[in-house]
Amino acid sequence: MTSTLNLFERKLTLKLTLFLSLVVFVFNGEASQRAHVHGEVNLSIVFEKNKGRIEFTSPLGNLVGFESMHKIKKDKSMLLELEEKFSNLKKPLFIFSEKNQCQLVVQKNGINDVDHASDSHQNKHDKKKHSDHKDWIAYFEVECKGEAKMAEITIDLRSFKEIQLIHLVIMVDEWTYTKDSKNELISVTPQ
């Protein structure tokens, strides 16, 4: 059983690596420019049969409000609220159809400092302002009783009013879906 799990993890990791390469290609090699764009988030969902991973990245200001960014260092309750939103499985941001009985498990969510060595707008801001640029990253594991190919996936990020555009990529087995979507309720059924 262990070797099967290791084989699955290796296949999923390989698929995720290929998938991320595809994302870079699809977005015209502008990954460094899209890495931290206010108002935009990146969402990747990858499945191999009935197991998958979700990766969500966003500038922190999209999630707490840009006017609150200077308060976040002092007010840790804002971060706790955000962690709760991403960890609340009773009101999840990512919903799978009930017929597949998918279980979503939060693997990690939290702040990641943005590397501005390659930031295209570095010259427009001083270093003090750059120190406030942070991303929120969340990873989830998903396991379904049925194959994900038949599961409708619903994404609901509407509670984050600062998000204007979602760069969405879904890969289920050999099927791939890419879309830049407004921040609205999104439902996709893999083919």
# chains A, B, ... in the order shown; residues from 1 in each chain; ligands from 1
$ residues_around --residues "region 40-44 of chain A" --least-positions-apart "2" --cutoff "10 Å" --atoms "only C-alpha atoms" --output "PyMOL selection string"
chain A and resi 16+19-20+23+34-38+46+53-60+62-63+135-139+155+162-171+178+180-183
$ residues_around --residues "region 96-100 of chain A" --least-positions-apart "6" --cutoff "8 Å" --atoms "only C-alpha atoms" --output "list in words"
Cys144, Lys145, Gly146, Glu147, Ala148, Met150, Ala151, Glu152, Ile153 and Thr154 of chain A
$ write_last_selection --atoms "N, CA and C atoms" --output "short mmCIF file (atom, residue, chain, number, x, y, z; two decimals), in the first residue's frame"
data_model
loop_
_atom_site.label_atom_id
_atom_site.label_comp_id
_atom_site.auth_asym_id
_atom_site.auth_seq_id
_atom_site.Cartn_x
_atom_site.Cartn_y
_atom_site.Cartn_z
N CYS A 144 -11.95 12.26 -3.03
CA CYS A 144 -13.35 11.99 -3.33
C CYS A 144 -13.58 10.48 -3.40
N LYS A 145 -14.79 10.06 -3.08
CA LYS A 145 -15.12 8.62 -3.21
C LYS A 145 -15.35 8.26 -4.66
N GLY A 146 -15.89 9.20 -5.44
CA GLY A 146 -16.04 9.00 -6.88
C GLY A 146 -14.96 9.77 -7.61
N GLU A 147 -14.84 9.53 -8.91
CA GLU A 147 -13.81 10.24 -9.69
C GLU A 147 -14.16 11.72 -9.81
N ALA A 148 -13.16 12.55 -9.72
CA ALA A 148 -13.35 13.99 -9.78
C ALA A 148 -13.89 14.43 -11.14
N MET A 150 -16.33 13.58 -12.66
CA MET A 150 -17.78 13.71 -12.66
C MET A 150 -18.29 14.69 -11.61
N ALA A 151 -17.39 15.34 -10.88
CA ALA A 151 -17.78 16.22 -9.78
C ALA A 151 -17.82 17.68 -10.21
N GLU A 152 -18.95 18.32 -10.00
CA GLU A 152 -19.02 19.76 -10.23
C GLU A 152 -18.21 20.46 -9.14
N ILE A 153 -17.42 21.43 -9.54
CA ILE A 153 -16.60 22.20 -8.62
C ILE A 153 -17.16 23.62 -8.60
N THR A 154 -17.50 24.11 -7.41
CA THR A 154 -18.01 25.46 -7.26
C THR A 154 -17.01 26.26 -6.43
#
$ residues_around --residues "Lys149 (chain A)" --least-positions-apart "5" --cutoff "10 Å" --atoms "only C-alpha atoms" --output "list in words"
Phe47, Glu48, Lys49, Asn50, Asn100, Met171, Val172, Asp173, Glu174, Trp175, Thr189, Pro190 and Gln191 of chain A
$ residues_around --residues "Pro92 (chain A)" --least-positions-apart "5" --cutoff "10 Å" --atoms "only C-alpha atoms" --output "compact mmCIF listing (two decimals) with N, CA and C atoms, in the first residue's frame"
# COMPACT_ATOMS: atom_id res chain seq x y z
N LYS A 85 -11.55 31.73 7.77
CA LYS A 85 -12.29 31.69 6.49
C LYS A 85 -11.78 30.58 5.59
N PHE A 86 -10.45 30.42 5.53
CA PHE A 86 -9.87 29.41 4.66
C PHE A 86 -9.93 28.01 5.27
N SER A 87 -10.11 27.93 6.57
CA SER A 87 -10.14 26.62 7.24
C SER A 87 -11.56 26.16 7.55
N LEU A 104 -12.40 17.86 1.81
CA LEU A 104 -11.40 18.91 1.66
C LEU A 104 -10.61 19.02 2.96
N THR A 154 -17.50 24.11 -7.41
CA THR A 154 -18.01 25.46 -7.26
C THR A 154 -17.01 26.26 -6.43
N ILE A 155 -16.70 27.45 -6.91
CA ILE A 155 -15.73 28.32 -6.26
C ILE A 155 -16.46 29.59 -5.85
N ASP A 156 -16.37 29.92 -4.56
CA ASP A 156 -17.07 31.10 -4.05
C ASP A 156 -16.11 31.98 -3.26
N LEU A 157 -15.55 32.98 -3.93
CA LEU A 157 -14.63 33.92 -3.29
C LEU A 157 -15.27 35.30 -3.16
